[in-house]
Structures are given as C-alpha cells and as structure tokens.
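Enquirer: Sharing a structure below in structure tokens format, with a few things to ask.
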Amino acid sequence: MTASSPTTPEDARAALDLIEDPATGLGLVKAGLVQGLVVREGKAGFVLEVPAARVGGYGPVREAAEKALAALPGITRAQVVLTAQAPAETTRVRKGARVADDPQAQVGPPPASEKPAHVRHVIAVASGKGGVGKSTVSTNLACALAGLGLKVGLLDADIYGPSAPRMMGVEGEPTFEDKKLLPMQAHGVKLMSIGFMVDEGRAMIWRGPMASSAVRQLIHDVAWGSEAEPLDVLVVDLPPGTGDIHLTLVQKLRIDGVVLVTTPQEIALIDARRAAAMFAKTATPILGLVENMAFFADPATGAPIPIFGSGGGVAEAQALGTPVLAQVPIEMGVREAGDAGRPVVLAAPESAAAKAFVSAAKAVWGGISN
Ligand SMILES: Nc1ncnc2c1ncn2[C@@H]1O[C@H](COP(=O)(O)OP(=O)(O)OP(=O)(O)O)[C@@H](O)[C@H]1O
C-alpha cells in the first residue's frame with residue numbers, strides 16, 4: 001500500500017475475480033483473462049486477453065472490469081484493453097522477443113525510465129501498421145499544440161523511414177553545443193530526427209541495438225529545453241509496429257500517454273490493437289485513437305464516402321476503452337501540405353482535416369496536463 005494508492009494488485013485481482021467470464025463461468029482472474037495488471041500512482045489497468053473468435057462478445061466485460069477498478073480506493077484512472085489472444089506461435093518467448101509477445105515482460109514503467117531534461121510532458125504517436133499517417137498526425141499535432149501557445153518539440157524516432165524533416169520543411173544538420181545536439185526549428189516547433197543524420201534510404205537498414213542506441217541518443221542528448229524555458233510537450237513519432245525500438249523507448253522514456261493512429265481498415269485495426277496491448281503491458285496510458293483517412297467527402301455533396309470502410313476506428317476505440325480523438329478525412333491538401341513541408345493545420349487551417357487535428361491536439365493536451 002502507498003499513500004497515493006491504497007489499492008494493491010491483490011485487491012484489484014479480488015475485485016476482478018468477482019466479474020464472471022461468460023465463456024467459463026469463472027472469475028476473470030481464475031479464467032486466466034487478466035494479463036499485465038498494473039496498479040500504481042492512482043492508475044489501474046490490464047489487458048483482457050480473450051480467444052480471437054470471442055473478442056466481439058467481451059465489450060460489456062471490459063466495461064464492468066473498468067468500473068470495478070475505478071471503484072477501488074485511490075484509483076483515479078482505470079483502463080482495460082480488450083485484445084485477442086495471439087496465435088501460439090507468436091506468444092513463444094524467444095531471443096529478441098518483442099515485449100508485446102512476451103508474457104514475462106516487465107510490467108509498468110521500468111525504474112530507469114525518465115523524461116529528457118527540461119521536458120514536462122512526453123506523448124508518443126504510434127501505429128501498428130506502416131503508412132496509416134502516423135507522421136502526418138505527429139507533425140500536425142506538434143504544430144497544433146504549438147498553435148495553442150505551448151513550447152513543443154517533435155522527435156522523429158521512426159528510424160526506418162524518417163519523414164518529419166520533409167513534412168516540416170527542414171533541411172541541414174543539427175549542431176552541437178556543450179555536448180548536446182541543438183534541435184532544428186520549424187513552424188515554432190523544435191525538431192530532431194534521425195533523418196538529419198542519415199538519408200532516408202540508409203535509415204531503413206538500421207537494426208536492433210544500433211537503432212535503439214540511436215533513439216536513446218536522440219532522446220537524451222538533445223537540448224530540448226532549458227531550466228528557464230522548459231518544453232511543455234515532446235511529441236515522439238514512433239516507427240510503426242511493436243519491436244525493439246518501442247521496447248527501448250518504454251524502458252528509457254517516461255511517456256505520459258500514447259496516441260494510436262489507425263485507418264478504418266480491418267488489418268490496420270488489428271495491428272493497432274497489438275500496439276495498444278504492448279503499451280498497456282508497460283502501464284503507458286493510451287490517450288486516444290486518431291482514425292486517419294476516415295472518409296472522403298463527396299466533392300459535389302460533401303457526403304462522406306468511406307473509402308477504407310466505416311465505423312472501424314470508433315468500434316476499435318470502444319473495444320480498447322479509449323476515446324476517438326479525431327476522425328481525419330482523406331484530403332488532397334493533407335498530402336500536398338506534407339510534401340510542401342508545411343503541415344495542413346498551418347497551410348489550410350479552415351480545412352476539415354486541419355480542424356480535426358486541432359481538436360485532437362486540444363484533447364491530447366487536456367489528457368496530459370490535468
Ligand atoms: N488524411 C490524409 N489525407 C490524404 N493523404 C494523407 C492523409 N494522411 C496521410 N496522408 C498521406 O499518406 C502518406 C503516408 O502518410 P505518413 O507518412 O504520415 O504515414 P506513416 O504511417 O507515418 O508512414 P510510415 O509507416 O512510412 O512511417 C503520405 O503521403 C501522407 O501525405
């Protein structure tokens with residue numbers, strides 16, 4: 001027991017075992033459905049891992065579990081992530097296993113995790129799948145947060161395809177001062193990217209430990225802020241997936257919350273779920289989901305045309321127990337703005353996409369600053 005959270009994991013388990021697993025009639029803990037339970041600093045959460053075929057029926061169980069945790073003394077935030085059990089082959093613990101696959105993985109932020117010096121809040125933008133618009137969301141969120149009057153940094157940690165320099169319209173190499181890298185500046189945002197050190201093609205071939213040590217350096221050896229002028233928020237654009245880089249980041253970086261990016265397509269949603277499960281296992285709160293490319297507005301009528309399907313992101317957010325921060329339409333201006341190095345929130349602030357990004361930024365800031 002601690003002063004801030006009188007509830008222990010045992011208390012939480014006991015409360016969760018009072019909820020019945022509809023498939024077996026057993027309590028959730030006895031049924032083996034509670035994975036990666038974390039109770040710390042007023043937060044409680046776990047991954048509700050159920051057979052893939054039955055995921056659909058467990059929404060009410062997830063809600064009941066969240067309510068039960070929220071009702072425990074000292075718990076101010078409860079989060080239960082519903083996820084399908086991975087096939088047996090991927091759950092095997094193996095050399096170099098990913099944290100999301102490893103049932104023995106350490107739960108909760110490891111003691112060594114910390115924020116970079118003079119950075120007040122860190123948010124990570126993640127996707128399970130590549131190409132869903134994660135970098136577009138990161139750059140627009142960063143610019144929108146700066147537009148709210150905040151001091152913002154953007155760390156492009158996507159070492160396999162750094163695109164922030166291009167999307168923010170920055171070229172050149174950062175310089176050193178007092179053994180620290182000075183971030184570049186663009187649109188009022190401090191920017192650091194592996195793309196400044198190597199060209200995009202070379203970044204693709206980075207592997208495991210080398211990539212992890214590069215990311216560590218980008219986090220801690222950069223002069224993001226100073227005593228007099230700390231950064232309010234650092235937005236970290238993660239590489240897609242749930243691999244080594246993510247493990248390094250959650251081990252080394254204290255992340256206040258994660259923004260998950262997905263498209264409404266089933267395949268992207270499944271990967272987003274895997275990413276969500278990984279963050280839940282490391283007690284990293286998920287701030288919400290941005291459904292990108294949610295629809296295309298009919299040029300004649302304005303009616304939404306669901307090019308990549310519809311309703312997927314909203315349903316997924318419900319299953320994960322996390323809010324939908326924004327549904328961003330497919331707009332040519334979004335791509336053009338990214339290609340021109342001036343994100344759409346600046347290039348076309350009146351567009352529906354820009355407004356969606358700004359409201360997501362406000363929700364994110366509300367989620368981490370309270
Ligand atoms: N809402 C949108 N409307 C139109 N184009 C978009 C939208 N979102 C992203 N794009 C475009 O889709 C492409 C992929 O986006 P982006 O690079 O942001 O994805 P990513 O998930 O970061 O990809 P990667 O996995 O390569 O890092 C880019 O050309 C981008 O301009």
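Residue numbering restarts at 1 in every chain; chains get A, B, ... in the order shown in the structure tokens, and ligands count up from 1 in that same order.
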Within 6 Å of ligand 1, which residues show up when you count only C-alpha atoms and all ligand atoms? List them as a VMD selection string, please.

Expert: chain A and resid 130 to 136 161 240 292 to 293 328 to 332 334 to 335 338

Enquirer: Can you list, as a PyMOL selection string, every protein, DNA or RNA residue that comes within 10 Å of Val215 of chain A when you count only C-alpha atoms, leaving out same-chain residues fewer than 3 positions away?

Expert: chain A and resi 155-159+193-194+209-212+218-221+238+245-246+248-249+252

Enquirer: Mind writing the picked residues with N, CA and C atoms as a CSV table (one decimal), in the first residue's frame?

Expert:
```
chain,number,residue,atom,x,y,z
A,155,LEU,N,10.1,14.7,-31.9
A,155,LEU,CA,11.2,13.8,-32.1
A,155,LEU,C,10.7,12.7,-33.1
A,156,ASP,N,11.3,12.7,-34.3
A,156,ASP,CA,11.0,11.7,-35.3
A,156,ASP,C,11.9,10.5,-35.0
A,157,ALA,N,11.3,9.5,-34.2
A,157,ALA,CA,12.1,8.3,-33.9
A,157,ALA,C,11.8,7.2,-34.9
A,158,ASP,N,11.2,7.5,-36.0
A,158,ASP,CA,11.0,6.5,-37.0
A,158,ASP,C,12.2,6.3,-37.8
A,159,ILE,N,13.1,5.5,-37.2
A,159,ILE,CA,14.4,5.3,-37.8
A,159,ILE,C,14.3,4.5,-39.1
A,193,SER,N,15.5,14.6,-35.7
A,193,SER,CA,15.1,13.3,-36.5
A,193,SER,C,16.4,12.6,-36.9
A,194,ILE,N,16.3,11.3,-37.0
A,194,ILE,CA,17.4,10.5,-37.5
A,194,ILE,C,17.7,10.9,-38.9
A,209,PRO,N,20.1,-3.2,-31.9
A,209,PRO,CA,20.8,-2.4,-30.9
A,209,PRO,C,21.3,-1.1,-31.4
A,210,MET,N,21.7,-1.1,-32.7
A,210,MET,CA,22.2,0.2,-33.2
A,210,MET,C,21.1,1.2,-33.3
A,211,ALA,N,20.0,0.7,-33.7
A,211,ALA,CA,18.8,1.6,-33.8
A,211,ALA,C,18.4,2.1,-32.5
A,212,SER,N,18.4,1.2,-31.5
A,212,SER,CA,18.0,1.5,-30.1
A,212,SER,C,18.9,2.6,-29.5
A,218,LEU,N,18.9,10.3,-29.4
A,218,LEU,CA,18.0,11.4,-29.9
A,218,LEU,C,17.1,11.9,-28.7
A,219,ILE,N,16.9,11.0,-27.8
A,219,ILE,CA,16.0,11.4,-26.6
A,219,ILE,C,16.8,12.2,-25.6
A,220,HIS,N,18.0,11.7,-25.2
A,220,HIS,CA,18.6,12.3,-24.1
A,220,HIS,C,19.8,13.2,-24.4
A,221,ASP,N,20.3,13.2,-25.6
A,221,ASP,CA,21.5,14.1,-25.9
A,221,ASP,C,21.0,15.3,-26.7
A,238,LEU,N,6.8,7.5,-33.3
A,238,LEU,CA,7.5,6.1,-33.3
A,238,LEU,C,7.5,5.5,-34.6
A,245,ILE,N,12.6,-0.9,-30.9
A,245,ILE,CA,12.7,0.5,-30.7
A,245,ILE,C,11.7,0.9,-29.6
A,246,HIS,N,10.5,0.3,-29.7
A,246,HIS,CA,9.4,0.6,-28.8
A,246,HIS,C,9.9,0.1,-27.4
A,248,THR,N,12.9,-0.1,-26.2
A,248,THR,CA,13.9,0.9,-25.8
A,248,THR,C,13.2,2.1,-25.2
A,249,LEU,N,12.2,2.5,-26.0
A,249,LEU,CA,11.5,3.8,-25.7
A,249,LEU,C,10.8,3.7,-24.4
A,252,LYS,N,13.3,3.5,-21.5
A,252,LYS,CA,14.1,4.7,-21.2
A,252,LYS,C,13.4,6.0,-21.1
```

Enquirer: Using Å and a single decimal, report how far atom CA of Phe296 of chain A sits from atom CA of Arg166 of chain A.

Expert: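 Value for the atom CA of Arg166 of chain A-atom CA of Phe296 of chain A distance: 24.7 Å.
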
Enquirer: Going by DSSP on the backbone, which bits of segment 148-342 of chain A are alpha helix (DSSP H)? Write them as a ChimeraX atom specification, please.

Expert: /A:164-168,200-203,208-220,244-252,266-281,312-320,332-340

Enquirer: Measuring between only C-alpha atoms, which one of A:Ser351, A:Ser127, A:Thr242, A:Thr322 shows the shortest distance to Ala78 of chain A?

Expert: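 Of all the options, A:Thr322 lies closest to Ala78 of chain A.
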
Enquirer: Run DSSP on the backbone and grab whatever in segment 122-280 of chain A lands in strand (DSSP E or B); send it over as a PyMOL selection string.

Expert: chain A and resi 122-126+152-156+176-177+180-181+184-186+189-193+222+231-237+253+257-262

Enquirer: Pick out the closest residue to Ser138 of chain A from this set: A:Phe196, A:Lys362, A:Pro343, A:Leu18. Count only C-alpha atoms.

Expert: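 For Ser138 of chain A, the nearest of the candidates is A:Pro343.
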
Enquirer: Could you name the residues that touch Ala70 of chain A at 9 Å or less, counting only C-alpha atoms, but leaving out those on the same chain fewer than 5 positions away, as a compact mmCIF listing (two decimals) with C-alpha atoms, in the first residue's frame?

Expert:
```txt
# COMPACT_ATOMS: atom_id res chain seq x y z
CA LYS A 43 -3.86 4.17 -12.18
CA ALA A 44 -5.05 0.63 -12.69
CA ALA A 65 -13.86 -4.56 -15.27
CA ILE A 75 -7.85 4.75 -8.29
CA THR A 76 -8.47 7.81 -10.44
CA ARG A 77 -7.87 6.25 -13.85
CA ALA A 78 -8.78 2.74 -14.96
CA GLN A 79 -8.02 1.33 -18.37
```

Enquirer: So what do you get for atom CA of Thr7 of chain A versus atom CA of Leu289 of chain A, distance-wise?

Expert: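 Distance between the two atoms: 28.6 Å.
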
Enquirer: For Val259 of chain A, which of A:Ala146, A:Ala277, A:Ala317, A:Ala124 is the closest residue, counting only C-alpha atoms?

Expert: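 Among the listed residues, the smallest separation from Val259 of chain A belongs to A:Ala124.
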
Enquirer: Go through A:Ala352, A:Val47, A:Ala228, A:Ile267 and flag the residue nearest Ala297 of chain A, using only C-alpha atoms for the distances.

Expert: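 Once distances to Ala297 of chain A are computed over only C-alpha atoms, the minimum belongs to A:Ala352.
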